[in-house]
$ cat upload-v2.csv   # CSV, C-alpha atoms
chain,number,residue,atom,x,y,z
A,1,MET,CA,75.9,80.5,108.8
A,2,SER,CA,78.7,78.2,108.0
A,3,ALA,CA,78.4,78.8,104.2
A,4,THR,CA,78.6,82.5,105.0
A,5,ALA,CA,81.7,82.0,107.1
A,6,VAL,CA,83.4,79.9,104.4
A,7,ARG,CA,82.6,82.6,101.8
A,8,HIS,CA,83.9,85.3,104.1
A,9,TRP,CA,87.1,83.3,104.7
A,10,ARG,CA,87.7,82.7,101.0
A,11,ALA,CA,86.9,86.3,100.0
A,12,GLN,CA,89.3,87.6,102.6
A,13,ARG,CA,92.1,85.4,101.1
A,14,ILE,CA,91.4,86.1,97.5
A,15,SER,CA,91.3,89.8,98.0
A,16,ALA,CA,94.5,89.6,100.1
A,17,LEU,CA,96.2,87.9,97.2
A,18,ALA,CA,95.0,90.5,94.7
A,19,LEU,CA,96.2,93.3,97.0
A,20,ILE,CA,99.8,92.0,97.1
A,21,PRO,CA,100.7,93.4,93.6
A,22,LEU,CA,98.3,96.3,93.8
A,23,VAL,CA,99.8,97.5,97.1
A,24,LEU,CA,103.3,97.3,95.7
A,25,TRP,CA,102.2,99.4,92.8
A,26,LEU,CA,100.6,101.9,95.3
A,27,VAL,CA,103.9,102.3,97.2
A,28,GLU,CA,105.7,103.0,94.0
A,29,SER,CA,103.0,105.4,92.9
A,30,LEU,CA,102.8,107.4,96.1
A,31,LEU,CA,106.6,107.7,96.2
A,32,THR,CA,106.4,109.2,92.7
A,33,HIS,CA,103.2,111.2,92.9
A,34,LEU,CA,102.3,112.2,96.5
A,35,GLY,CA,104.5,115.3,96.3
A,36,GLU,CA,103.2,116.4,92.9
A,37,ASP,CA,100.9,119.3,92.2
A,38,ARG,CA,97.3,118.8,91.2
A,39,ALA,CA,97.9,119.1,87.4
A,40,GLN,CA,100.6,116.4,87.6
A,41,VAL,CA,98.4,114.1,89.6
A,42,GLN,CA,95.5,114.7,87.1
A,43,ALA,CA,97.8,114.0,84.2
A,44,TRP,CA,99.1,110.7,85.8
A,45,LEU,CA,95.6,109.3,86.5
A,46,GLY,CA,94.4,110.6,83.1
A,47,GLN,CA,96.4,107.7,81.6
A,48,PRO,CA,94.6,104.4,81.1
A,49,ILE,CA,96.9,102.0,82.9
A,50,PRO,CA,97.3,104.0,86.2
A,51,ALA,CA,93.5,104.7,86.2
A,52,VAL,CA,92.6,101.0,85.8
A,53,LEU,CA,95.1,99.9,88.5
A,54,ALA,CA,93.9,102.7,90.8
A,55,ALA,CA,90.3,101.5,90.3
A,56,ALA,CA,91.2,97.9,90.9
A,57,LEU,CA,93.1,98.9,94.1
A,58,ILE,CA,90.2,100.9,95.4
A,59,ALA,CA,87.6,98.2,94.7
A,60,VAL,CA,89.6,95.4,96.3
A,61,THR,CA,90.9,97.5,99.2
A,62,PHE,CA,87.4,98.6,100.4
A,63,PHE,CA,86.1,95.0,99.9
A,64,HIS,CA,89.0,93.6,102.0
A,65,LEU,CA,88.5,96.4,104.6
A,66,ALA,CA,84.8,95.7,105.0
A,67,LEU,CA,85.5,92.0,105.6
A,68,GLY,CA,88.3,92.8,108.1
A,69,VAL,CA,86.3,95.4,110.1
A,70,ARG,CA,83.4,93.0,110.2
A,71,VAL,CA,85.4,90.4,112.0
A,72,VAL,CA,86.7,93.0,114.5
A,73,LEU,CA,83.2,94.2,115.2
A,74,GLU,CA,81.9,90.7,115.6
A,75,ASP,CA,84.7,90.0,118.2
A,76,TYR,CA,84.3,93.2,120.3
A,77,VAL,CA,80.7,94.5,120.0
A,78,GLN,CA,78.8,92.4,122.5
A,79,THR,CA,75.3,93.9,122.4
A,80,PRO,CA,73.3,92.3,119.5
A,81,GLY,CA,71.5,95.5,118.5
A,82,ARG,CA,74.7,97.5,118.5
A,83,LEU,CA,76.5,94.9,116.6
A,84,ALA,CA,73.8,94.8,113.9
A,85,ALA,CA,74.0,98.6,113.6
A,86,ALA,CA,77.8,98.6,113.5
A,87,LEU,CA,77.8,96.0,110.8
A,88,ILE,CA,75.5,98.0,108.7
A,89,ALA,CA,77.5,101.2,109.3
A,90,ASN,CA,80.6,99.4,108.2
A,91,ARG,CA,79.1,98.2,105.0
A,92,VAL,CA,77.7,101.6,104.2
A,93,ALA,CA,80.9,103.4,105.0
A,94,CYS,CA,83.1,101.1,102.9
A,95,TRP,CA,80.7,101.2,99.9
A,96,ALA,CA,80.4,105.0,100.1
A,97,LEU,CA,84.2,105.6,100.4
A,98,GLY,CA,84.9,103.1,97.6
A,99,LEU,CA,82.3,104.6,95.3
A,100,ILE,CA,83.5,108.2,95.9
A,101,ALA,CA,87.1,107.1,95.2
A,102,LEU,CA,86.0,105.2,92.0
A,103,ALA,CA,84.1,108.3,90.9
A,104,ALA,CA,87.1,110.5,91.5
A,105,VAL,CA,89.3,108.1,89.4
A,106,ALA,CA,86.6,108.0,86.6
A,107,THR,CA,86.5,111.8,86.6
A,108,LEU,CA,90.3,112.0,86.2
A,109,ALA,CA,90.4,109.2,83.6
A,110,PHE,CA,87.6,110.5,81.4
A,111,GLY,CA,88.1,114.1,82.2
A,112,PHE,CA,84.5,114.9,83.0
B,1,MET,CA,70.0,82.5,142.2
B,2,THR,CA,73.5,83.6,142.9
B,3,PRO,CA,76.1,82.4,140.5
B,4,ALA,CA,78.5,79.8,141.8
B,5,GLU,CA,82.0,80.8,142.6
B,6,ARG,CA,83.7,79.3,139.6
B,7,PRO,CA,87.3,79.9,138.6
B,8,LEU,CA,87.4,82.4,135.8
B,9,SER,CA,89.4,81.6,132.7
B,10,PRO,CA,92.8,83.5,132.7
B,11,HIS,CA,92.4,86.9,131.3
B,12,LEU,CA,94.5,88.4,128.6
B,13,GLN,CA,96.6,90.6,131.0
B,14,ILE,CA,97.6,87.6,133.0
B,15,TYR,CA,99.8,86.2,130.3
B,16,ARG,CA,103.3,87.5,129.6
B,17,PRO,CA,103.0,89.0,126.0
B,18,GLN,CA,104.4,86.5,123.5
B,19,LEU,CA,105.7,87.3,120.0
B,20,THR,CA,102.8,85.3,118.5
B,21,SER,CA,100.0,87.1,120.3
B,22,VAL,CA,101.6,90.6,119.9
B,23,LEU,CA,102.0,90.0,116.1
B,24,SER,CA,98.5,88.8,115.9
B,25,ILE,CA,96.9,91.9,117.5
B,26,THR,CA,99.3,94.1,115.6
B,27,HIS,CA,97.9,92.6,112.3
B,28,ARG,CA,94.5,93.8,113.4
B,29,GLY,CA,95.7,97.2,114.6
B,30,THR,CA,97.6,97.9,111.4
B,31,GLY,CA,94.6,96.7,109.3
B,32,LEU,CA,92.4,99.2,111.1
B,33,ALA,CA,95.0,101.9,110.8
B,34,LEU,CA,95.2,101.3,107.0
B,35,GLY,CA,91.4,101.7,106.9
B,36,ILE,CA,91.7,105.1,108.4
B,37,GLY,CA,94.6,105.8,106.0
B,38,ALA,CA,92.3,104.9,103.1
B,39,VAL,CA,89.9,107.7,104.1
B,40,PHE,CA,92.7,110.3,103.8
B,41,PHE,CA,93.7,108.8,100.5
B,42,VAL,CA,90.1,109.3,99.2
B,43,TRP,CA,90.3,112.9,100.5
B,44,TRP,CA,93.5,113.5,98.4
B,45,LEU,CA,92.0,111.7,95.4
B,46,SER,CA,88.7,113.6,95.6
B,47,GLY,CA,90.7,116.9,95.7
B,48,ALA,CA,92.6,115.9,92.6
B,49,ALA,CA,89.3,115.2,90.8
B,50,TRP,CA,87.0,117.9,92.0
B,51,SER,CA,88.4,120.6,94.2
B,52,ALA,CA,91.7,122.5,94.1
B,53,ALA,CA,91.1,123.8,97.6
B,54,CYS,CA,90.5,120.3,98.9
B,55,PHE,CA,93.7,119.0,97.1
B,56,ALA,CA,95.7,121.9,98.5
B,57,ALA,CA,94.5,121.2,102.1
B,58,ALA,CA,95.5,117.5,101.7
B,59,GLN,CA,98.9,118.5,100.3
B,60,ALA,CA,99.5,120.9,103.2
B,61,PHE,CA,98.5,118.1,105.6
B,62,TRP,CA,101.0,115.6,104.2
B,63,GLY,CA,103.6,118.4,104.5
B,64,SER,CA,102.9,119.1,108.2
B,65,TRP,CA,104.8,117.2,110.9
B,66,LEU,CA,101.5,115.5,112.0
B,67,GLY,CA,100.9,114.4,108.4
B,68,LYS,CA,104.4,113.0,108.1
B,69,LEU,CA,104.1,111.2,111.4
B,70,LEU,CA,100.8,109.6,110.2
B,71,LEU,CA,102.4,108.7,106.8
B,72,LEU,CA,105.3,107.0,108.7
B,73,GLY,CA,102.7,105.0,110.7
B,74,TRP,CA,100.8,104.1,107.6
B,75,THR,CA,103.9,103.1,105.8
B,76,PHE,CA,104.8,100.7,108.6
B,77,SER,CA,101.2,99.5,108.8
B,78,LEU,CA,101.2,98.8,105.1
B,79,PHE,CA,104.4,96.8,105.0
B,80,TYR,CA,103.6,95.0,108.3
B,81,HIS,CA,100.1,94.0,107.2
B,82,LEU,CA,101.4,93.0,103.8
B,83,LEU,CA,104.3,90.8,105.1
B,84,ASN,CA,102.3,89.3,108.0
B,85,GLY,CA,99.4,88.8,105.5
B,86,VAL,CA,101.7,86.7,103.3
B,87,ARG,CA,102.6,84.8,106.5
B,88,HIS,CA,99.0,84.1,107.1
B,89,LEU,CA,98.4,83.0,103.5
B,90,LEU,CA,101.4,80.6,103.9
B,91,TRP,CA,99.9,79.1,107.0
B,92,ASP,CA,96.6,78.7,105.1
B,93,ILE,CA,98.4,76.4,102.6
B,94,GLY,CA,100.1,74.5,105.5
B,95,PHE,CA,103.5,76.1,105.4
B,96,GLY,CA,105.5,77.1,108.6
B,97,PHE,CA,102.8,76.2,111.1
B,98,ASP,CA,105.2,74.6,113.7
B,99,LEU,CA,106.3,76.7,116.6
B,100,ARG,CA,109.9,77.2,115.5
B,101,SER,CA,108.9,78.4,112.0
B,102,THR,CA,106.2,80.6,113.5
B,103,TYR,CA,108.7,82.4,115.6
B,104,ARG,CA,111.3,82.6,112.8
B,105,THR,CA,108.8,84.0,110.2
B,106,GLY,CA,107.4,86.3,113.0
B,107,TRP,CA,110.8,87.9,113.6
B,108,MET,CA,111.4,88.1,109.8
B,109,VAL,CA,108.1,90.1,109.5
B,110,VAL,CA,109.2,92.5,112.2
B,111,VAL,CA,112.7,93.1,110.8
B,112,PHE,CA,111.6,93.5,107.1
B,113,SER,CA,108.7,95.7,107.9
B,114,VAL,CA,111.0,98.1,109.8
B,115,LEU,CA,113.6,98.0,107.0
B,116,LEU,CA,111.1,98.5,104.2
B,117,THR,CA,109.5,101.3,106.2
B,118,LEU,CA,112.8,103.2,106.6
B,119,PHE,CA,113.7,102.6,103.0
B,120,ALA,CA,110.3,103.7,101.5
B,121,PHE,CA,109.8,106.6,103.9
B,122,GLY,CA,113.4,107.8,103.4
B,123,GLY,CA,112.8,107.5,99.7
B,124,GLY,CA,109.6,109.4,100.0
B,125,LEU,CA,111.1,112.3,101.9
B,126,TYR,CA,113.9,112.5,99.3
B,127,ALA,CA,111.5,112.3,96.4
B,128,TRP,CA,109.2,115.0,97.7
B,129,GLY,CA,112.2,117.2,98.5
B,130,SER,CA,111.2,117.9,102.1
B,131,PRO,CA,113.7,116.4,104.5

$ encode --input "upload-v2.csv" --output "structure tokens"
Amino acid sequence: MSATAVRHWRAQRISALALIPLVLWLVESLLTHLGEDRAQVQAWLGQPIPAVLAAALIAVTFFHLALGVRVVLEDYVQTPGRLAAALIANRVACWALGLIALAAVATLAFGF
Amino acid sequence: MTPAERPLSPHLQIYRPQLTSVLSITHRGTGLALGIGAVFFVWWLSGAAWSAACFAAAQAFWGSWLGKLLLLGWTFSLFYHLLNGVRHLLWDIGFGFDLRSTYRTGWMVVVFSVLLTLFAFGGGLYAWGSP
């Protein structure tokens, strides 16, 4: 178990470091683009650099979120069976949301 | 066998809240709030990619007072989790771990999260042209 815990600890920190610049980019982006209409948002994420940064932000965010929610569940869900189910649900939800978001960015970037 | 009458360890609500414990639980709370925010972000992004109706619904939601209130909460959550996260990373490399520094950086996190939230949210309202 300890190897798992060390990996979890390290992954949480590395993803946190990666999120610092990505989140600052997100704030700047949302200030600029959240009020825009659909065509403007499509044009923005149709460019290569915003699309790559958005994809990186999505991947690291859901990875970091899954790690964080796991710790909260392990702390507060006391029944072993429920905990196991909650941990699986957490992973499934984070993977699903991350993949949907990545697919959306890919659609906008490549114009499917 | 009846359990012996042992003293229970002091429970959370016995203690007077301290800055350190409040900031710690707030880090968790804001992290979870940002997770919920990420779901709304995926909704908006999916609309941009696949559905005009979905995008319009997301836009209308951001424009509503409830949407703006949630955005305000997410803006604060983001800056708080970011700044307090940096505080945690500094602790991890051994910086600022004494009690005095812990309190000083704690208050810095509170003040700067509020200032950045007001700055960014004010800028957002101005940029979207909906005061």

$ closest_atom_pairs --input "upload-v2.csv" --of "chain A" --to "chain B" --cutoff "7 Å" --atoms "only C-alpha atoms" --output "CSV"
residue,atom,partner,partner_atom,distance
A:Ile20,CA,B:Leu82,CA,7.0
A:Leu31,CA,B:Gly124,CA,5.1
A:Gly35,CA,B:Trp128,CA,4.9
A:Arg38,CA,B:Ala48,CA,5.7
A:Val41,CA,B:Ala48,CA,6.8
A:Gln42,CA,B:Ala48,CA,6.3
A:Leu65,CA,B:Gly35,CA,6.5
A:Ala101,CA,B:Val42,CA,5.5
A:Ala104,CA,B:Ala49,CA,5.2
A:Thr107,CA,B:Ala49,CA,6.1
A:Leu108,CA,B:Ala49,CA,5.7

$ atom_distance --input "upload-v2.csv" --atom1 "CA of Val110 (chain B)" --atom2 "CA of Tyr80 (chain B)"
7.3 Å

$ residues_near_point --input "upload-v2.csv" --point "(108.4, 78.9, 110.8)" --cutoff "12 Å" --atoms "only C-alpha atoms" --output "PDB file with C-alpha atoms, in the coordinates of the input"
ATOM      1  CA  THR B  20     102.800  85.300 118.500  1.00  0.00           C
ATOM      2  CA  ARG B  87     102.600  84.800 106.500  1.00  0.00           C
ATOM      3  CA  HIS B  88      99.000  84.100 107.100  1.00  0.00           C
ATOM      4  CA  LEU B  90     101.400  80.600 103.900  1.00  0.00           C
ATOM      5  CA  TRP B  91      99.900  79.100 107.000  1.00  0.00           C
ATOM      6  CA  GLY B  94     100.100  74.500 105.500  1.00  0.00           C
ATOM      7  CA  PHE B  95     103.500  76.100 105.400  1.00  0.00           C
ATOM      8  CA  GLY B  96     105.500  77.100 108.600  1.00  0.00           C
ATOM      9  CA  PHE B  97     102.800  76.200 111.100  1.00  0.00           C
ATOM     10  CA  ASP B  98     105.200  74.600 113.700  1.00  0.00           C
ATOM     11  CA  LEU B  99     106.300  76.700 116.600  1.00  0.00           C
ATOM     12  CA  ARG B 100     109.900  77.200 115.500  1.00  0.00           C
ATOM     13  CA  SER B 101     108.900  78.400 112.000  1.00  0.00           C
ATOM     14  CA  THR B 102     106.200  80.600 113.500  1.00  0.00           C
ATOM     15  CA  TYR B 103     108.700  82.400 115.600  1.00  0.00           C
ATOM     16  CA  ARG B 104     111.300  82.600 112.800  1.00  0.00           C
ATOM     17  CA  THR B 105     108.800  84.000 110.200  1.00  0.00           C
ATOM     18  CA  GLY B 106     107.400  86.300 113.000  1.00  0.00           C
ATOM     19  CA  TRP B 107     110.800  87.900 113.600  1.00  0.00           C
ATOM     20  CA  MET B 108     111.400  88.100 109.800  1.00  0.00           C
ATOM     21  CA  VAL B 109     108.100  90.100 109.500  1.00  0.00           C
TER      22      VAL B 109
END

$ residues_around --input "upload-v2.csv" --residues "region 84-86 of chain A" --least-positions-apart "5" --cutoff "9 Å" --atoms "only C-alpha atoms" --output "mmCIF file with C-alpha atoms, in the frame of the given file"
data_model
loop_
_atom_site.group_PDB
_atom_site.id
_atom_site.type_symbol
_atom_site.label_atom_id
_atom_site.label_comp_id
_atom_site.auth_asym_id
_atom_site.auth_seq_id
_atom_site.Cartn_x
_atom_site.Cartn_y
_atom_site.Cartn_z
ATOM 1 C CA ARG A 70 83.400 93.000 110.200
ATOM 2 C CA LEU A 73 83.200 94.200 115.200
ATOM 3 C CA VAL A 77 80.700 94.500 120.000
ATOM 4 C CA THR A 79 75.300 93.900 122.400
ATOM 5 C CA ARG A 91 79.100 98.200 105.000
#

$ atom_distance --input "upload-v2.csv" --atom1 "CA of Ala89 (chain A)" --atom2 "CA of Ala57 (chain B)"
27.2 Å

$ residues_around --input "upload-v2.csv" --residues "Ala55 (chain A)" --least-positions-apart "5" --cutoff "10 Å" --atoms "all atoms listed in the file" --output "ChimeraX atom specification"
/A:49-50,60-61,98-99,101-106

$ write_last_selection --input "upload-v2.csv" --atoms "C-alpha atoms" --output "PDB file, in the coordinates of the input"
ATOM      1  CA  ILE A  49      96.900 102.000  82.900  1.00  0.00           C
ATOM      2  CA  PRO A  50      97.300 104.000  86.200  1.00  0.00           C
ATOM      3  CA  VAL A  60      89.600  95.400  96.300  1.00  0.00           C
ATOM      4  CA  THR A  61      90.900  97.500  99.200  1.00  0.00           C
ATOM      5  CA  GLY A  98      84.900 103.100  97.600  1.00  0.00           C
ATOM      6  CA  LEU A  99      82.300 104.600  95.300  1.00  0.00           C
ATOM      7  CA  ALA A 101      87.100 107.100  95.200  1.00  0.00           C
ATOM      8  CA  LEU A 102      86.000 105.200  92.000  1.00  0.00           C
ATOM      9  CA  ALA A 103      84.100 108.300  90.900  1.00  0.00           C
ATOM     10  CA  ALA A 104      87.100 110.500  91.500  1.00  0.00           C
ATOM     11  CA  VAL A 105      89.300 108.100  89.400  1.00  0.00           C
ATOM     12  CA  ALA A 106      86.600 108.000  86.600  1.00  0.00           C
TER      13      ALA A 106
END

$ residues_around --input "upload-v2.csv" --residues "Ser77 (chain B)" --least-positions-apart "4" --cutoff "7 Å" --atoms "all atoms listed in the file" --output "ChimeraX atom specification"
/B:30,33-34,73,81

$ atom_distance --input "upload-v2.csv" --atom1 "CA of Leu45 (chain A)" --atom2 "CA of Ala93 (chain A)"
24.4 Å

$ closest_residue --input "upload-v2.csv" --among "B:Ala4, B:Ile36, B:Leu115, B:Ile93" --to "Leu71 (chain B)" --atoms "only C-alpha atoms"
B:Ile36

$ closest_residue --input "upload-v2.csv" --among "A:Asp75, A:Asp37, A:Ala54, A:Ala3" --to "Leu19 (chain A)" --atoms "only C-alpha atoms"
A:Ala54
